[in-house]
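Chemist: Just one file: final_8.pdb, with PDB, C-alpha atoms.
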```pdb
ATOM      1  CA  MET A   1       0.000   0.000   0.000
ATOM      2  CA  THR A   2       1.220   3.517  -0.871
ATOM      3  CA  VAL A   3       0.093   7.001   0.077
ATOM      4  CA  ASP A   4      -0.286   9.677  -2.615
ATOM      5  CA  SER A   5       0.288  13.412  -2.229
ATOM      6  CA  GLN A   6      -3.285  13.956  -0.975
ATOM      7  CA  GLY A   7      -3.040  11.303   1.703
ATOM      8  CA  ALA A   8      -5.144   8.677  -0.057
ATOM      9  CA  ALA A   9      -3.971   5.135   0.226
ATOM     10  CA  THR A  10      -3.826   2.989  -2.843
ATOM     11  CA  ALA A  11      -3.176  -0.670  -3.094
ATOM     12  CA  VAL A  12      -0.209  -1.925  -5.055
ATOM     13  CA  PRO A  13       0.295  -5.535  -6.116
ATOM     14  CA  GLN A  14       2.961  -7.285  -4.062
ATOM     15  CA  ASP A  15       4.964  -8.371  -7.081
ATOM     16  CA  ALA A  16       5.350  -4.815  -8.388
ATOM     17  CA  PRO A  17       8.778  -4.224  -6.786
ATOM     18  CA  GLY A  18      10.045  -7.435  -8.338
ATOM     19  CA  ARG A  19       8.847  -6.502 -11.760
ATOM     20  CA  ALA A  20      10.227  -2.986 -11.390
ATOM     21  CA  ALA A  21      13.648  -4.300 -10.387
ATOM     22  CA  GLY A  22      13.719  -6.715 -13.301
ATOM     23  CA  LYS A  23      13.005  -4.081 -15.894
ATOM     24  CA  SER A  24      15.950  -2.447 -17.675
ATOM     25  CA  GLN A  25      16.383   1.266 -17.204
ATOM     26  CA  THR A  26      17.980   1.727 -20.673
ATOM     27  CA  PRO A  27      15.770   2.267 -23.683
ATOM     28  CA  PRO A  28      15.512  -0.555 -26.220
ATOM     29  CA  PRO A  29      17.826  -0.375 -29.238
ATOM     30  CA  PRO A  30      16.342   1.199 -32.342
ATOM     31  CA  SER A  31      14.812  -1.225 -34.740
ATOM     32  CA  GLY A  32      15.626   0.842 -37.819
ATOM     33  CA  PRO A  33      18.759   0.594 -40.016
ATOM     34  CA  LYS A  34      22.115   1.045 -38.263
ATOM     35  CA  GLU A  35      23.880   4.351 -38.662
ATOM     36  CA  VAL A  36      27.331   4.319 -40.219
ATOM     37  CA  LEU A  37      29.790   6.582 -38.431
ATOM     38  CA  GLN A  38      31.340   9.034 -40.825
ATOM     39  CA  PRO A  39      34.760  10.624 -40.223
ATOM     40  CA  PRO A  40      34.772  14.318 -39.448
ATOM     41  CA  ARG A  41      34.519  16.509 -42.480
ATOM     42  CA  GLY A  42      37.835  18.230 -41.670
ATOM     43  CA  ARG A  43      39.924  14.974 -41.858
ATOM     44  CA  ARG A  44      40.409  12.587 -44.754
ATOM     45  CA  SER A  45      41.598   9.022 -44.184
ATOM     46  CA  LEU A  46      44.539   7.738 -46.249
ATOM     47  CA  PRO A  47      44.072   4.796 -48.589
ATOM     48  CA  SER A  48      44.883   1.547 -46.812
ATOM     49  CA  GLY A  49      47.785   0.690 -49.151
ATOM     50  CA  LEU A  50      49.456   4.095 -49.091
ATOM     51  CA  LEU A  51      50.531   4.352 -45.453
ATOM     52  CA  PRO A  52      53.399   1.765 -45.592
ATOM     53  CA  TYR A  53      54.945   3.570 -48.557
ATOM     54  CA  LEU A  54      54.751   6.899 -46.753
ATOM     55  CA  LEU A  55      56.514   5.387 -43.733
ATOM     56  CA  VAL A  56      59.451   4.070 -45.785
ATOM     57  CA  ALA A  57      59.624   7.121 -48.049
ATOM     58  CA  PRO A  58      62.183   9.035 -45.877
ATOM     59  CA  ALA A  59      64.527   6.041 -45.843
ATOM     60  CA  LEU A  60      64.179   5.530 -49.606
ATOM     61  CA  LEU A  61      64.766   9.223 -50.240
ATOM     62  CA  SER A  62      67.912   9.299 -48.106
ATOM     63  CA  MET A  63      69.239   6.171 -49.850
ATOM     64  CA  ALA A  64      68.583   7.759 -53.243
ATOM     65  CA  VAL A  65      70.473  10.892 -52.232
ATOM     66  CA  LEU A  66      73.401   9.124 -50.561
ATOM     67  CA  LEU A  67      73.750   6.046 -52.798
ATOM     68  CA  LEU A  68      71.859   6.301 -56.058
ATOM     69  CA  TYR A  69      72.988   9.804 -57.042
ATOM     70  CA  PRO A  70      76.741   9.118 -56.500
ATOM     71  CA  LEU A  71      76.376   5.858 -58.422
ATOM     72  CA  ILE A  72      74.785   7.627 -61.393
ATOM     73  CA  ARG A  73      77.457  10.346 -61.304
ATOM     74  CA  ASN A  74      80.156   7.693 -61.191
ATOM     75  CA  VAL A  75      78.742   5.912 -64.227
ATOM     76  CA  ILE A  76      78.589   9.217 -66.138
ATOM     77  CA  LEU A  77      82.179   9.999 -65.134
ATOM     78  CA  SER A  78      83.353   6.622 -66.451
ATOM     79  CA  PHE A  79      82.473   7.752 -69.989
ATOM     80  CA  GLN A  80      84.653  10.853 -69.715
ATOM     81  CA  GLN A  81      88.349  11.610 -69.877
ATOM     82  CA  LEU A  82      89.081  13.335 -66.603
ATOM     83  CA  ASP A  83      92.815  13.580 -66.018
ATOM     84  CA  ARG A  84      94.892  16.321 -64.398
ATOM     85  CA  LYS A  85      94.355  18.735 -67.294
ATOM     86  CA  GLU A  86      90.576  18.324 -67.461
ATOM     87  CA  PHE A  87      90.337  18.496 -63.688
ATOM     88  CA  ILE A  88      92.091  21.885 -63.591
ATOM     89  CA  THR A  89      90.393  23.415 -66.636
ATOM     90  CA  ARG A  90      86.991  21.908 -65.726
ATOM     91  CA  GLU A  91      86.616  20.709 -69.280
ATOM     92  CA  THR A  92      84.235  17.832 -70.057
ATOM     93  CA  VAL A  93      85.642  15.406 -72.634
ATOM     94  CA  TRP A  94      83.376  12.521 -73.629
ATOM     95  CA  ILE A  95      85.257   9.445 -74.838
ATOM     96  CA  GLY A  96      82.533   6.784 -74.777
ATOM     97  CA  PHE A  97      83.701   3.293 -73.855
ATOM     98  CA  ASP A  98      87.426   4.040 -74.207
ATOM     99  CA  ASN A  99      88.047   3.696 -70.455
ATOM    100  CA  TYR A 100      86.377   0.277 -70.406
ATOM    101  CA  THR A 101      88.214  -0.830 -73.533
ATOM    102  CA  GLU A 102      91.544   0.182 -72.023
ATOM    103  CA  LEU A 103      90.824  -1.685 -68.803
ATOM    104  CA  LEU A 104      89.552  -4.872 -70.424
ATOM    105  CA  GLY A 105      92.687  -4.999 -72.563
ATOM    106  CA  ASP A 106      95.059  -4.328 -69.651
ATOM    107  CA  SER A 107      96.776  -7.379 -68.178
ATOM    108  CA  ASP A 108      97.462  -5.511 -64.926
ATOM    109  CA  PHE A 109      93.734  -4.990 -64.414
ATOM    110  CA  TRP A 110      92.972  -8.668 -64.883
ATOM    111  CA  GLY A 111      95.800  -9.545 -62.515
ATOM    112  CA  VAL A 112      94.175  -7.376 -59.848
ATOM    113  CA  VAL A 113      90.793  -9.000 -60.580
ATOM    114  CA  VAL A 114      92.174 -12.511 -60.074
ATOM    115  CA  ARG A 115      94.026 -11.398 -56.950
ATOM    116  CA  SER A 116      90.868  -9.847 -55.510
ATOM    117  CA  LEU A 117      88.751 -12.946 -56.186
ATOM    118  CA  VAL A 118      91.303 -15.353 -54.682
ATOM    119  CA  PHE A 119      91.863 -13.021 -51.714
ATOM    120  CA  THR A 120      88.105 -12.809 -51.061
ATOM    121  CA  ALA A 121      87.550 -16.562 -51.372
ATOM    122  CA  ALA A 122      90.412 -17.414 -48.993
ATOM    123  CA  ASN A 123      89.267 -14.869 -46.404
ATOM    124  CA  VAL A 124      85.608 -15.913 -46.474
ATOM    125  CA  ALA A 125      86.510 -19.609 -46.198
ATOM    126  CA  LEU A 126      88.734 -19.008 -43.163
ATOM    127  CA  ILE A 127      86.259 -16.635 -41.511
ATOM    128  CA  MET A 128      83.346 -19.046 -41.862
ATOM    129  CA  ALA A 129      85.347 -22.097 -40.747
ATOM    130  CA  ILE A 130      86.995 -20.515 -37.698
ATOM    131  CA  GLY A 131      83.903 -18.484 -36.761
ATOM    132  CA  THR A 132      81.722 -21.597 -36.886
ATOM    133  CA  GLY A 133      84.189 -23.499 -34.713
ATOM    134  CA  ILE A 134      84.287 -20.746 -32.090
ATOM    135  CA  GLY A 135      80.487 -20.522 -32.161
ATOM    136  CA  LEU A 136      80.264 -24.256 -31.428
ATOM    137  CA  LEU A 137      82.816 -23.792 -28.641
ATOM    138  CA  LEU A 138      80.731 -21.027 -27.071
ATOM    139  CA  ASN A 139      77.774 -23.395 -26.998
ATOM    140  CA  ARG A 140      79.778 -25.994 -25.056
ATOM    141  CA  LEU A 141      81.563 -23.750 -22.562
ATOM    142  CA  GLY A 142      80.392 -22.944 -19.069
ATOM    143  CA  LYS A 143      78.778 -19.679 -18.093
ATOM    144  CA  TRP A 144      81.891 -17.760 -16.989
ATOM    145  CA  MET A 145      84.227 -18.998 -19.718
ATOM    146  CA  ARG A 146      81.563 -18.202 -22.303
ATOM    147  CA  LEU A 147      81.307 -14.682 -20.879
ATOM    148  CA  VAL A 148      85.086 -14.151 -21.016
ATOM    149  CA  LEU A 149      85.340 -15.420 -24.599
ATOM    150  CA  SER A 150      82.348 -13.339 -25.696
ATOM    151  CA  LEU A 151      83.875 -10.192 -24.220
ATOM    152  CA  ALA A 152      87.173 -10.913 -25.984
ATOM    153  CA  LEU A 153      85.321 -11.327 -29.276
ATOM    154  CA  MET A 154      83.401  -8.090 -28.763
ATOM    155  CA  LEU A 155      86.609  -6.170 -28.037
ATOM    156  CA  ALA A 156      88.210  -7.463 -31.233
ATOM    157  CA  TRP A 157      85.094  -6.607 -33.219
ATOM    158  CA  ALA A 158      84.803  -3.102 -31.741
ATOM    159  CA  MET A 159      88.402  -2.062 -32.410
ATOM    160  CA  PRO A 160      88.619   0.698 -35.057
ATOM    161  CA  ILE A 161      90.141  -0.302 -38.376
ATOM    162  CA  ILE A 162      93.086   2.095 -38.343
ATOM    163  CA  ALA A 163      93.919   1.190 -34.750
ATOM    164  CA  SER A 164      93.928  -2.521 -35.585
ATOM    165  CA  VAL A 165      96.098  -1.906 -38.668
ATOM    166  CA  THR A 166      98.561   0.039 -36.499
ATOM    167  CA  VAL A 167      98.763  -2.842 -34.028
ATOM    168  CA  PHE A 168      99.401  -5.378 -36.781
ATOM    169  CA  LYS A 169     102.066  -3.196 -38.387
ATOM    170  CA  TRP A 170     103.807  -3.046 -35.027
ATOM    171  CA  LEU A 171     103.512  -6.831 -34.545
ATOM    172  CA  PHE A 172     105.199  -7.418 -37.914
ATOM    173  CA  ASP A 173     107.626  -4.517 -37.642
ATOM    174  CA  GLU A 174     111.062  -5.117 -39.115
ATOM    175  CA  GLN A 175     113.035  -3.980 -36.071
ATOM    176  CA  PHE A 176     110.744  -4.010 -33.039
ATOM    177  CA  GLY A 177     108.109  -6.518 -34.144
ATOM    178  CA  VAL A 178     106.867  -9.182 -31.752
ATOM    179  CA  VAL A 179     106.638 -11.766 -34.555
ATOM    180  CA  ASN A 180     110.353 -11.505 -35.426
ATOM    181  CA  TRP A 181     111.216 -11.723 -31.710
ATOM    182  CA  ALA A 182     109.010 -14.810 -31.292
ATOM    183  CA  MET A 183     110.543 -16.525 -34.322
ATOM    184  CA  ARG A 184     114.059 -15.869 -33.051
ATOM    185  CA  THR A 185     113.091 -17.100 -29.585
ATOM    186  CA  LEU A 186     111.775 -20.341 -31.066
ATOM    187  CA  GLY A 187     115.152 -20.882 -32.754
ATOM    188  CA  PHE A 188     114.357 -19.985 -36.362
ATOM    189  CA  ASP A 189     117.121 -18.347 -38.367
ATOM    190  CA  GLY A 190     116.796 -15.422 -40.772
ATOM    191  CA  TYR A 191     114.355 -13.347 -38.695
ATOM    192  CA  GLU A 192     116.817 -10.702 -37.586
ATOM    193  CA  GLN A 193     115.101  -7.542 -38.892
ATOM    194  CA  HIS A 194     113.075  -9.587 -41.352
ATOM    195  CA  ASN A 195     110.848  -7.419 -43.569
ATOM    196  CA  TRP A 196     107.381  -8.989 -43.733
ATOM    197  CA  PHE A 197     106.203  -6.387 -46.243
ATOM    198  CA  GLU A 198     108.892  -6.960 -48.882
ATOM    199  CA  SER A 199     106.522  -8.874 -51.205
ATOM    200  CA  GLY A 200     102.909  -8.563 -52.206
ATOM    201  CA  PHE A 201     102.104 -12.124 -51.148
ATOM    202  CA  SER A 202     103.357 -11.747 -47.572
ATOM    203  CA  THR A 203     101.612  -8.362 -47.322
ATOM    204  CA  LEU A 204      98.312  -9.911 -48.405
ATOM    205  CA  VAL A 205      98.771 -12.745 -45.911
ATOM    206  CA  ILE A 206      99.161 -10.228 -43.075
ATOM    207  CA  ILE A 207      96.092  -8.319 -44.302
ATOM    208  CA  MET A 208      94.197 -11.598 -44.483
ATOM    209  CA  VAL A 209      95.086 -12.387 -40.863
ATOM    210  CA  LEU A 210      93.849  -8.932 -39.892
ATOM    211  CA  LEU A 211      90.561  -9.313 -41.770
ATOM    212  CA  VAL A 212      89.927 -12.805 -40.407
ATOM    213  CA  TRP A 213      90.689 -11.642 -36.858
ATOM    214  CA  GLY A 214      88.266  -8.739 -37.183
ATOM    215  CA  SER A 215      85.463 -10.713 -38.852
ATOM    216  CA  ILE A 216      85.401 -13.882 -36.760
ATOM    217  CA  PRO A 217      83.442 -12.300 -33.845
ATOM    218  CA  PHE A 218      80.467 -11.506 -36.092
ATOM    219  CA  VAL A 219      80.221 -15.099 -37.315
ATOM    220  CA  ALA A 220      80.950 -16.714 -33.939
ATOM    221  CA  LEU A 221      78.418 -14.713 -31.922
ATOM    222  CA  ASN A 222      75.690 -15.142 -34.525
ATOM    223  CA  MET A 223      76.494 -18.840 -34.735
ATOM    224  CA  TYR A 224      76.106 -19.198 -30.971
ATOM    225  CA  ALA A 225      72.794 -17.317 -31.082
ATOM    226  CA  GLY A 226      71.558 -19.682 -33.775
ATOM    227  CA  LEU A 227      72.639 -22.772 -31.816
ATOM    228  CA  THR A 228      70.468 -21.727 -28.873
ATOM    229  CA  THR A 229      67.388 -22.172 -31.092
ATOM    230  CA  ILE A 230      68.084 -25.893 -31.706
ATOM    231  CA  GLY A 231      66.337 -28.195 -29.243
ATOM    232  CA  SER A 232      68.469 -30.435 -27.053
ATOM    233  CA  GLU A 233      66.297 -33.442 -27.946
ATOM    234  CA  LEU A 234      67.759 -33.398 -31.483
ATOM    235  CA  TYR A 235      71.288 -33.759 -30.108
ATOM    236  CA  GLU A 236      70.174 -36.529 -27.737
ATOM    237  CA  ALA A 237      68.471 -38.445 -30.540
ATOM    238  CA  ALA A 238      71.575 -38.179 -32.722
ATOM    239  CA  ARG A 239      73.830 -39.405 -29.897
ATOM    240  CA  MET A 240      71.501 -42.338 -29.206
ATOM    241  CA  ASP A 241      71.880 -43.316 -32.865
ATOM    242  CA  GLY A 242      75.661 -43.332 -32.393
ATOM    243  CA  ALA A 243      76.398 -40.211 -34.458
ATOM    244  CA  SER A 244      79.814 -38.598 -34.049
ATOM    245  CA  GLY A 245      80.368 -34.888 -33.480
ATOM    246  CA  TRP A 246      81.055 -34.307 -37.189
ATOM    247  CA  ARG A 247      77.931 -36.253 -38.148
ATOM    248  CA  ILE A 248      75.830 -34.299 -35.636
ATOM    249  CA  PHE A 249      77.005 -31.047 -37.214
ATOM    250  CA  TRP A 250      75.998 -32.062 -40.751
ATOM    251  CA  ALA A 251      72.775 -33.845 -39.764
ATOM    252  CA  VAL A 252      71.464 -31.531 -37.029
ATOM    253  CA  VAL A 253      73.268 -28.166 -36.902
ATOM    254  CA  PHE A 254      73.748 -27.364 -40.573
ATOM    255  CA  PRO A 255      70.172 -28.167 -41.761
ATOM    256  CA  ASN A 256      68.675 -26.056 -38.973
ATOM    257  CA  LEU A 257      71.073 -23.134 -39.553
ATOM    258  CA  LYS A 258      71.319 -23.253 -43.340
ATOM    259  CA  ALA A 259      69.774 -19.794 -43.662
ATOM    260  CA  PHE A 260      72.330 -18.422 -41.210
ATOM    261  CA  PHE A 261      75.269 -19.850 -43.181
ATOM    262  CA  MET A 262      73.995 -18.513 -46.496
ATOM    263  CA  ILE A 263      73.214 -15.011 -45.275
ATOM    264  CA  THR A 264      76.447 -14.734 -43.287
ATOM    265  CA  THR A 265      78.523 -15.941 -46.240
ATOM    266  CA  PHE A 266      76.784 -13.378 -48.455
ATOM    267  CA  LEU A 267      77.589 -10.553 -46.018
ATOM    268  CA  GLU A 268      81.210 -11.657 -45.612
ATOM    269  CA  ILE A 269      81.754 -11.769 -49.392
ATOM    270  CA  ILE A 270      80.597  -8.165 -49.687
ATOM    271  CA  TRP A 271      82.604  -7.096 -46.628
ATOM    272  CA  ILE A 272      85.894  -8.648 -47.808
ATOM    273  CA  PHE A 273      85.519  -7.775 -51.495
ATOM    274  CA  LYS A 274      85.071  -4.074 -50.750
ATOM    275  CA  ALA A 275      87.710  -3.904 -47.995
ATOM    276  CA  PHE A 276      89.763  -0.786 -48.654
ATOM    277  CA  ALA A 277      91.035   0.768 -45.423
ATOM    278  CA  GLN A 278      92.824  -2.370 -44.206
ATOM    279  CA  VAL A 279      94.625  -2.965 -47.515
ATOM    280  CA  TYR A 280      95.605   0.632 -48.161
ATOM    281  CA  ALA A 281      96.579   1.506 -44.580
ATOM    282  CA  MET A 282      98.753  -1.587 -44.245
ATOM    283  CA  ASN A 283     101.129  -0.879 -47.151
ATOM    284  CA  ALA A 284      99.279   1.401 -49.622
ATOM    285  CA  GLY A 285      98.920  -1.509 -52.035
ATOM    286  CA  GLY A 286     102.683  -2.059 -52.201
ATOM    287  CA  PRO A 287     105.335  -3.021 -52.713
ATOM    288  CA  ASP A 288     105.174  -1.980 -56.371
ATOM    289  CA  ARG A 289     101.356  -2.238 -56.305
ATOM    290  CA  ALA A 290     101.656  -5.995 -55.762
ATOM    291  CA  SER A 291      99.060  -6.140 -52.961
ATOM    292  CA  GLU A 292      96.363  -4.013 -54.573
ATOM    293  CA  THR A 293      92.788  -5.209 -54.663
ATOM    294  CA  LEU A 294      90.139  -3.658 -56.892
ATOM    295  CA  PRO A 295      89.055  -0.874 -54.477
ATOM    296  CA  VAL A 296      92.681   0.102 -53.832
ATOM    297  CA  PHE A 297      93.489  -0.162 -57.545
ATOM    298  CA  ALA A 298      90.672   2.294 -58.345
ATOM    299  CA  TYR A 299      91.818   4.697 -55.609
ATOM    300  CA  VAL A 300      95.457   4.686 -56.732
ATOM    301  CA  GLU A 301      94.481   5.225 -60.371
ATOM    302  CA  GLY A 302      92.133   8.057 -59.470
ATOM    303  CA  VAL A 303      93.745   9.952 -56.596
ATOM    304  CA  GLY A 304      97.349   8.827 -57.090
ATOM    305  CA  GLN A 305      97.589   8.939 -60.880
ATOM    306  CA  PHE A 306      94.897  11.599 -61.541
ATOM    307  CA  HIS A 307      92.971   9.291 -63.880
ATOM    308  CA  TYR A 308      89.541   9.919 -62.445
ATOM    309  CA  GLY A 309      87.587   8.712 -65.462
ATOM    310  CA  LEU A 310      89.537   5.465 -65.539
ATOM    311  CA  ALA A 311      89.065   5.031 -61.792
ATOM    312  CA  ALA A 312      85.310   5.491 -62.217
ATOM    313  CA  ALA A 313      85.298   2.765 -64.861
ATOM    314  CA  ILE A 314      87.189   0.457 -62.494
ATOM    315  CA  SER A 315      84.617   1.012 -59.763
ATOM    316  CA  VAL A 316      81.734   0.361 -62.189
ATOM    317  CA  LEU A 317      83.336  -2.909 -63.326
ATOM    318  CA  THR A 318      83.878  -3.842 -59.677
ATOM    319  CA  ILE A 319      80.178  -3.369 -58.968
ATOM    320  CA  VAL A 320      79.262  -5.406 -62.056
ATOM    321  CA  MET A 321      81.539  -8.267 -60.951
ATOM    322  CA  LEU A 322      80.132  -8.214 -57.418
ATOM    323  CA  VAL A 323      76.552  -8.250 -58.738
ATOM    324  CA  ALA A 324      77.405 -11.164 -61.045
ATOM    325  CA  VAL A 325      78.907 -13.180 -58.188
ATOM    326  CA  MET A 326      75.964 -12.378 -55.927
ATOM    327  CA  SER A 327      73.396 -13.288 -58.607
ATOM    328  CA  PHE A 328      75.031 -16.708 -58.972
ATOM    329  CA  TYR A 329      74.955 -17.094 -55.196
ATOM    330  CA  PHE A 330      71.294 -16.076 -55.013
ATOM    331  CA  ARG A 331      70.382 -18.576 -57.728
ATOM    332  CA  LEU A 332      72.081 -21.265 -55.678
ATOM    333  CA  ILE A 333      70.078 -20.242 -52.591
ATOM    334  CA  LEU A 334      66.775 -20.264 -54.493
ATOM    335  CA  LYS A 335      67.581 -23.648 -56.022
ATOM    336  CA  GLN A 336      68.203 -25.159 -52.601
ATOM    337  CA  GLU A 337      64.986 -23.601 -51.284
ATOM    338  CA  GLU A 338      63.013 -25.175 -54.143
ATOM    339  CA  GLU A 339      64.557 -28.579 -53.456
ATOM    340  CA  GLN A 340      63.326 -28.406 -49.881
TER
END
```
Re-express the file's structure as structure tokens.

Modeler:
Amino acid sequence: MTVDSQGAATAVPQDAPGRAAGKSQTPPPPSGPKEVLQPPRGRRSLPSGLLPYLLVAPALLSMAVLLLYPLIRNVILSFQQLDRKEFITRETVWIGFDNYTELLGDSDFWGVVVRSLVFTAANVALIMAIGTGIGLLLNRLGKWMRLVLSLALMLAWAMPIIASVTVFKWLFDEQFGVVNWAMRTLGFDGYEQHNWFESGFSTLVIIMVLLVWGSIPFVALNMYAGLTTIGSELYEAARMDGASGWRIFWAVVFPNLKAFFMITTFLEIIWIFKAFAQVYAMNAGGPDRASETLPVFAYVEGVGQFHYGLAAAISVLTIVMLVAVMSFYFRLILKQEEEQ
């Protein structure tokens, strides 16, 4: 029973509170067609496929300015005669393919090409073999020894190029070198003030040791990181089948890390083939230009001999050779992927 404003009592059914509590206080949804929310008139949404291109546009623009433009200018320069005279008078002399014809008919150029290819192949083979071995060692060592070895690898990797070249020149110094002292201490004759840089071969060997020493950390640390992704049950199954360590590597490690080996080899080929600072700072391509690789050969012809057009042609041919080698390597990768 309830009392109204005038004091009259009215009867209310007992189940009214229950029905009132059960009713929803929100109005029912409209039964008409749903409204589609429209964006504000002041803003326009971008097409769905345009946003990714806008995000990468600054990077592409910077690459075009820093890489593509110098490459185009270099190609244009390779079709010109730009020696000391033209450089001073700022005269443009177009000679067509004469620079390329001169290079392709020059036995010295082909000697440098062969030297560069052999030098790159030997370096990459040693880097991959030793780096893989150290990576496997890191996976087997204890916590503290792994930490010490990893720090040593990082220090070698972080050393600046010119500083490392200076250290190696001191190690192989003719008068105060540690290597000559060690050879004499071990009882070898003929190492009293021995000149390790008297021939192009010995100079390239020293440069190769330097490049291998500086590149091994990259391969070893990445190899160890890849090994941590292989499950221990695969090793246990291989050992239960009686597989040796060498067999475990080829049956378990290599198939699981094939992508790592291919990509790392690709990066090392580019890194070694274009190595300039180590070769030039060690002995400036000497003696008698016997340790020049293609990048150093182009620099000496351009800056040293004032044959800038010829040097541009050398650099263009170097890029063409590197692209040819890499295309063959990529075809090999794609063929192996299709076989899988």

Chemist: Extract, using only C-alpha atoms, all DNA, RNA and protein residues at most 12 Å from Gly231 in chain A, discarding same-chain residues fewer than 5 positions from it, and format them as a count of residues only.

Modeler: 7

Chemist: Report as a list of chain:residue names all protein, DNA and RNA residues lying within 8 Å of range 168-180 of chain A, evaluated on all atoms listed in the file, omitting residues in the same chain fewer than 6 positions from it.

Modeler: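 Returned residues: A:Tyr191, A:Glu192, A:Gln193, A:His194, A:Asn195, A:Trp196, A:Ile206, A:Leu210, A:Met282.
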
Chemist: Just so the selection is clear, what residues does the PyMOL selection byres ((chain A and resi 216) around 12) cover here, as a ChimeraX atom specification?

Modeler: /A:123-135,150,152-158,208-215,217-223,264-265,268

Chemist: So how many Å separate CA of Tyr308 in chain A and CA of Leu117 in chain A, to one decimal?

Modeler: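 Atom-to-atom, CA of Tyr308 in chain A to CA of Leu117 in chain A, that is 23.7 Å.
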
Chemist: Any idea what the distance is between CA of Thr293 in chain A and CA of Ala163 in chain A?

Modeler: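 If I compute the distance from CA of Thr293 in chain A to CA of Ala163 in chain A, I get 20.9 Å.
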
Chemist: If we count all atoms listed in the file, what is near Asp108 in chain A at a cut-off of 12 Å, once residues fewer than 4 positions away on the same chain are taken out, given as an MDAnalysis selection string?

Modeler: chainID A and resid 102:104 112:115 289:290 292:294 297

Chemist: Env of Gly285 in chain A: 10 Å cut, atoms = only C-alpha atoms, seq-sep filter 2 positions within chain, self excluded. Answer as a list in words.

Modeler: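 With the cut-off at 10 Å, the set is Gly200, Thr203, Leu204, Phe276, Gln278, Val279, Tyr280, Ala281, Met282, Asn283, Pro287, Asp288, Arg289, Ala290, Ser291, Glu292, Thr293, Val296, Phe297 and Val300 of chain A.
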
Chemist: If you measure from CA of Gly309 in chain A to CA of Asp106 in chain A, what distance in Å do you get, rounded to one decimal?

Modeler: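 According to the coordinates, CA of Gly309 in chain A and CA of Asp106 in chain A are separated by 15.6 Å.
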
Chemist: For range 276-294 of chain A, what centre and edge lengths in Å (one decimal) does the axis-aligned box get once 6 Å is added on each side of all its listed atoms, as lines of an AutoDock Vina configuration file?

Modeler:
```
center_x = 97.5
center_y = -2.3
center_z = -50.5
size_x = 27.6
size_y = 19.6
size_z = 24.7
```

Chemist: Tell me, as a PyMOL selection string, which residues lie within 12 Å of Leu334 in chain A, counting all atoms listed in the file; anything in the same chain fewer than 6 positions away does not count.

Modeler: chain A and resi 259+262+327-328+340

Chemist: Expanded to explicit residues, what is the PyMOL selection byres ((chain A and resi 92-101) around 8) for this file, as number ranges by chain?

Modeler: A: 78-82, 86, 90-91, 102-105, 309-310, 313-314

Chemist: Apply the PyMOL selection byres ((chain A and resi 322) around 12) to the displayed file and report the matching residues as a list in words.

Modeler: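 Applying the PyMOL selection byres ((chain A and resi 322) around 12) to the structure shown produces Val113, Ser116, Leu117, Thr120, Phe266, Leu267, Ile269, Ile270, Trp271, Ile272, Phe273, Lys274, Leu294, Pro295, Ser315, Val316, Leu317, Thr318, Ile319, Val320, Met321, Val323, Ala324, Val325, Met326, Ser327, Phe328 and Tyr329 of chain A.
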
Chemist: Quick one: range 288-298 of chain A with N, CA and C atoms, as a PDB file, in the frame of the given file?

Modeler:
```
ATOM      1  N   ASP A 288     105.334  -2.040 -54.914  1.00  0.00           N
ATOM      2  CA  ASP A 288     105.174  -1.980 -56.371  1.00  0.00           C
ATOM      3  C   ASP A 288     103.765  -2.401 -56.799  1.00  0.00           C
ATOM      4  N   ARG A 289     102.768  -1.986 -56.007  1.00  0.00           N
ATOM      5  CA  ARG A 289     101.356  -2.238 -56.305  1.00  0.00           C
ATOM      6  C   ARG A 289     101.041  -3.726 -56.394  1.00  0.00           C
ATOM      7  N   ALA A 290     101.824  -4.542 -55.694  1.00  0.00           N
ATOM      8  CA  ALA A 290     101.656  -5.995 -55.762  1.00  0.00           C
ATOM      9  C   ALA A 290     100.604  -6.523 -54.808  1.00  0.00           C
ATOM     10  N   SER A 291     100.090  -5.693 -53.899  1.00  0.00           N
ATOM     11  CA  SER A 291      99.060  -6.140 -52.961  1.00  0.00           C
ATOM     12  C   SER A 291      97.758  -5.371 -53.151  1.00  0.00           C
ATOM     13  N   GLU A 292      97.577  -4.779 -54.318  1.00  0.00           N
ATOM     14  CA  GLU A 292      96.363  -4.013 -54.573  1.00  0.00           C
ATOM     15  C   GLU A 292      95.182  -4.940 -54.849  1.00  0.00           C
ATOM     16  N   THR A 293      94.057  -4.614 -54.265  1.00  0.00           N
ATOM     17  CA  THR A 293      92.788  -5.209 -54.663  1.00  0.00           C
ATOM     18  C   THR A 293      92.023  -4.178 -55.496  1.00  0.00           C
ATOM     19  N   LEU A 294      90.859  -4.550 -55.987  1.00  0.00           N
ATOM     20  CA  LEU A 294      90.139  -3.658 -56.892  1.00  0.00           C
ATOM     21  C   LEU A 294      89.802  -2.300 -56.275  1.00  0.00           C
ATOM     22  N   PRO A 295      89.306  -2.210 -55.044  1.00  0.00           N
ATOM     23  CA  PRO A 295      89.055  -0.874 -54.477  1.00  0.00           C
ATOM     24  C   PRO A 295      90.325  -0.028 -54.360  1.00  0.00           C
ATOM     25  N   VAL A 296      91.428  -0.640 -53.953  1.00  0.00           N
ATOM     26  CA  VAL A 296      92.681   0.102 -53.832  1.00  0.00           C
ATOM     27  C   VAL A 296      93.213   0.463 -55.215  1.00  0.00           C
ATOM     28  N   PHE A 297      93.060  -0.432 -56.175  1.00  0.00           N
ATOM     29  CA  PHE A 297      93.489  -0.162 -57.545  1.00  0.00           C
ATOM     30  C   PHE A 297      92.757   1.057 -58.120  1.00  0.00           C
ATOM     31  N   ALA A 298      91.449   1.137 -57.871  1.00  0.00           N
ATOM     32  CA  ALA A 298      90.672   2.294 -58.345  1.00  0.00           C
ATOM     33  C   ALA A 298      91.113   3.576 -57.651  1.00  0.00           C
TER      34      ALA A 298
END
```
